[in-house]
Amino acid sequence: MRILGIDYGDVRVGLAVSDPTGLIAGGIGIVKISGMNNAVEQIVGVIAERQIESVVLGLPLNMDGSEGPSASKIRAFASKLNEKLPDLPIEYIDERRSSILAADYMTETGTFGKKRKESVDTLSAQIILQTYLDRNRK
């Protein structure tokens with residue numbers, strides 16, 4: 001089963017896909033978006049192209065674990081995605097540390113500039129998905 005990991009942002013959406021066995025997440029890049037509806041359209045295309053069977057969205061929680069405006073935006077995105085693909089299972093995973101871990105890795109590998117921004121989004125999606133896969137391993 002292929003699962004799509006998503007790190008949703010206002011300008012770029014980082015994407016990662018699991019291998020068919022659900023063991024390993026691999027980053028597949030970003031999509032540049034111009035609003036939530038455009039993001040949904042592009043993600044629906046990726047889902048069809050890659051034969052995705054479920055989605056994991058990074059949910060940005062506050063440090064105390066509560067949901068704020070950013071989490072509401074992610075839930076709105078998921079709702080719009082679910083309108084287009086009502087049978088697609090969508091799950092959430094706490095993403096509080098994914099961007100920090102990705103940025104730390106980029107610093108360690110000497111990746112800076114424009115490439116860093118895009119790489120951080122992809123790596124964040126990969127971290128989100130890998131965390132989900134690890135937690136749900138049977």
# chains A, B, ... in the order shown; residues from 1 in each chain; ligands from 1
>>> residues_around(residues="Asn82 in chain A", least_positions_apart="6", cutoff="12 Å", atoms="only C-alpha atoms", output="list in words")
Val40, Glu41, Ile43, Val44, Ser54, Val55, Arg75, Ala76, Leu88, Pro89, Ile90 and Glu91 of chain A
>>> select_by_dssp(residues="chain A", states="alpha helix (DSSP H)", output="VMD selection string")
chain A and resid 36 to 49 69 to 84 98 to 108 114 to 135
>>> residues_around(residues="range 4-17 of chain A", least_positions_apart="5", cutoff="6 Å", atoms="only C-alpha atoms", output="list of chain:residue names")
A:Ala25, A:Gly26, A:Gly27, A:Ile28, A:Gly29, A:Ile30, A:Val31, A:Lys32, A:Ile33, A:Val55, A:Val56, A:Leu57, A:Gly58, A:Asp121, A:Thr122, A:Ala125, A:Gln126, A:Leu129
>>> write_last_selection(atoms="all heavy atoms", output="CSV table (one decimal), in the first residue's frame")
chain,number,residue,atom,x,y,z
A,25,ALA,N,9.9,5.7,3.8
A,25,ALA,CA,9.4,6.9,3.2
A,25,ALA,C,10.5,7.5,2.4
A,25,ALA,O,11.6,7.6,2.8
A,25,ALA,CB,8.9,7.9,4.3
A,26,GLY,N,10.1,7.9,1.2
A,26,GLY,CA,11.1,8.6,0.3
A,26,GLY,C,10.5,9.9,-0.2
A,26,GLY,O,9.3,10.0,-0.6
A,27,GLY,N,11.3,11.0,0.0
A,27,GLY,CA,10.8,12.3,-0.5
A,27,GLY,C,10.7,12.3,-2.0
A,27,GLY,O,11.6,11.7,-2.7
A,28,ILE,N,9.6,12.9,-2.5
A,28,ILE,CA,9.5,13.0,-4.0
A,28,ILE,C,9.4,14.4,-4.5
A,28,ILE,O,9.2,14.7,-5.6
A,28,ILE,CB,8.2,12.2,-4.5
A,28,ILE,CG1,6.9,12.8,-3.8
A,28,ILE,CG2,8.3,10.8,-4.2
A,28,ILE,CD1,5.6,12.3,-4.4
A,29,GLY,N,9.7,15.4,-3.6
A,29,GLY,CA,9.8,16.8,-4.0
A,29,GLY,C,8.7,17.6,-3.5
A,29,GLY,O,8.0,17.3,-2.5
A,30,ILE,N,8.5,18.8,-4.1
A,30,ILE,CA,7.5,19.7,-3.7
A,30,ILE,C,6.5,20.1,-4.8
A,30,ILE,O,6.9,19.8,-6.0
A,30,ILE,CB,8.1,21.0,-3.2
A,30,ILE,CG1,8.9,21.7,-4.3
A,30,ILE,CG2,9.0,20.8,-2.0
A,30,ILE,CD1,9.0,23.2,-4.2
A,31,VAL,N,5.4,20.6,-4.5
A,31,VAL,CA,4.6,21.3,-5.5
A,31,VAL,C,4.4,22.7,-5.0
A,31,VAL,O,4.2,23.0,-3.8
A,31,VAL,CB,3.2,20.6,-5.7
A,31,VAL,CG1,3.3,19.3,-6.4
A,31,VAL,CG2,2.4,20.5,-4.4
A,32,LYS,N,4.6,23.7,-5.9
A,32,LYS,CA,4.4,25.1,-5.6
A,32,LYS,C,2.9,25.4,-5.9
A,32,LYS,O,2.3,24.9,-6.9
A,32,LYS,CB,5.3,26.0,-6.5
A,32,LYS,CG,6.7,25.8,-6.2
A,32,LYS,CD,7.6,26.8,-7.0
A,32,LYS,CE,9.1,26.5,-6.5
A,32,LYS,NZ,9.9,27.5,-7.2
A,33,ILE,N,2.3,26.0,-4.9
A,33,ILE,CA,0.9,26.2,-4.9
A,33,ILE,C,0.5,27.7,-4.9
A,33,ILE,O,1.3,28.6,-4.5
A,33,ILE,CB,0.2,25.5,-3.8
A,33,ILE,CG1,0.7,26.1,-2.4
A,33,ILE,CG2,0.4,24.0,-3.8
A,33,ILE,CD1,-0.2,25.7,-1.2
A,55,VAL,N,-3.3,9.0,2.9
A,55,VAL,CA,-2.6,10.2,3.1
A,55,VAL,C,-2.3,10.4,4.6
A,55,VAL,O,-3.2,10.2,5.4
A,55,VAL,CB,-3.3,11.4,2.5
A,55,VAL,CG1,-2.7,12.7,2.9
A,55,VAL,CG2,-3.4,11.3,1.0
A,56,VAL,N,-1.1,10.9,4.9
A,56,VAL,CA,-0.7,11.3,6.2
A,56,VAL,C,-0.3,12.8,6.1
A,56,VAL,O,0.6,13.1,5.4
A,56,VAL,CB,0.4,10.5,6.8
A,56,VAL,CG1,0.9,11.1,8.1
A,56,VAL,CG2,0.1,9.0,6.9
A,57,LEU,N,-1.0,13.6,6.9
A,57,LEU,CA,-0.8,15.0,6.9
A,57,LEU,C,-0.1,15.4,8.2
A,57,LEU,O,-0.5,15.0,9.3
A,57,LEU,CB,-2.1,15.8,6.8
A,57,LEU,CG,-2.7,16.1,5.5
A,57,LEU,CD1,-4.1,16.5,5.6
A,57,LEU,CD2,-1.9,17.1,4.7
A,58,GLY,N,1.0,16.3,8.1
A,58,GLY,CA,1.6,16.8,9.3
A,58,GLY,C,0.7,17.8,9.9
A,58,GLY,O,0.2,18.7,9.2
A,121,ASP,N,11.3,21.2,2.9
A,121,ASP,CA,9.9,20.8,2.7
A,121,ASP,C,9.7,19.4,2.4
A,121,ASP,O,8.9,18.6,2.9
A,121,ASP,CB,9.2,21.7,1.7
A,121,ASP,CG,9.1,23.1,2.2
A,121,ASP,OD1,8.9,23.4,3.4
A,121,ASP,OD2,9.1,24.0,1.3
A,122,THR,N,10.6,18.9,1.4
A,122,THR,CA,10.5,17.5,1.0
A,122,THR,C,10.9,16.6,2.2
A,122,THR,O,10.3,15.6,2.5
A,122,THR,CB,11.4,17.2,-0.2
A,122,THR,OG1,11.0,18.1,-1.2
A,122,THR,CG2,11.4,15.8,-0.6
A,125,ALA,N,8.3,16.3,4.9
A,125,ALA,CA,7.2,15.3,4.5
A,125,ALA,C,7.7,13.9,4.7
A,125,ALA,O,7.0,13.0,5.2
A,125,ALA,CB,6.8,15.6,3.0
A,126,GLN,N,9.0,13.7,4.4
A,126,GLN,CA,9.6,12.3,4.6
A,126,GLN,C,9.6,12.0,6.0
A,126,GLN,O,9.3,10.8,6.4
A,126,GLN,CB,11.0,12.3,3.9
A,126,GLN,CG,11.6,10.9,3.9
A,126,GLN,CD,12.9,10.9,3.2
A,126,GLN,OE1,13.3,11.9,2.5
A,126,GLN,NE2,13.6,9.8,3.3
A,129,LEU,N,6.1,11.2,7.3
A,129,LEU,CA,5.6,9.9,6.8
A,129,LEU,C,6.4,8.8,7.5
A,129,LEU,O,5.8,7.8,7.9
A,129,LEU,CB,5.7,9.8,5.3
A,129,LEU,CG,5.3,8.4,4.7
A,129,LEU,CD1,3.8,8.1,5.1
A,129,LEU,CD2,5.4,8.5,3.2
>>> residues_around(residues="range 131-138 of chain A", least_positions_apart="4", cutoff="7 Å", atoms="only C-alpha atoms", output="PyMOL selection string")
chain A and resi 22-23+93+127
>>> select_by_dssp(residues="range 59-92 of chain A", states="strand (DSSP E)", output="count of residues only")
4
>>> atom_distance(atom1="CA of Glu49 in chain A", atom2="CA of Val120 in chain A")
23.4 Å
>>> closest_residue(among="A:Asp104, A:Ser34, A:Ile128, A:Asp94", to="Asp64 in chain A", atoms="only C-alpha atoms")
A:Asp94
>>> residues_around(residues="Ser66 in chain A", least_positions_apart="6", cutoff="12 Å", atoms="only C-alpha atoms", output="short mmCIF file (atom, residue, chain, number, x, y, z; two decimals) with N, CA and C atoms, in the first residue's frame")
data_model
loop_
_atom_site.label_atom_id
_atom_site.label_comp_id
_atom_site.auth_asym_id
_atom_site.auth_seq_id
_atom_site.Cartn_x
_atom_site.Cartn_y
_atom_site.Cartn_z
N LEU A 59 0.39 17.68 11.16
CA LEU A 59 -0.49 18.59 11.88
C LEU A 59 0.36 19.44 12.83
N PRO A 60 0.45 20.74 12.55
CA PRO A 60 1.29 21.61 13.38
C PRO A 60 0.60 21.98 14.69
N SER A 72 -5.82 24.36 12.06
CA SER A 72 -7.13 24.55 11.42
C SER A 72 -7.00 24.61 9.91
N ASP A 94 1.54 14.52 14.46
CA ASP A 94 2.16 15.70 15.05
C ASP A 94 3.46 16.00 14.31
N ARG A 96 5.41 18.85 14.95
CA ARG A 96 6.11 19.94 15.62
C ARG A 96 7.62 19.95 15.40
#
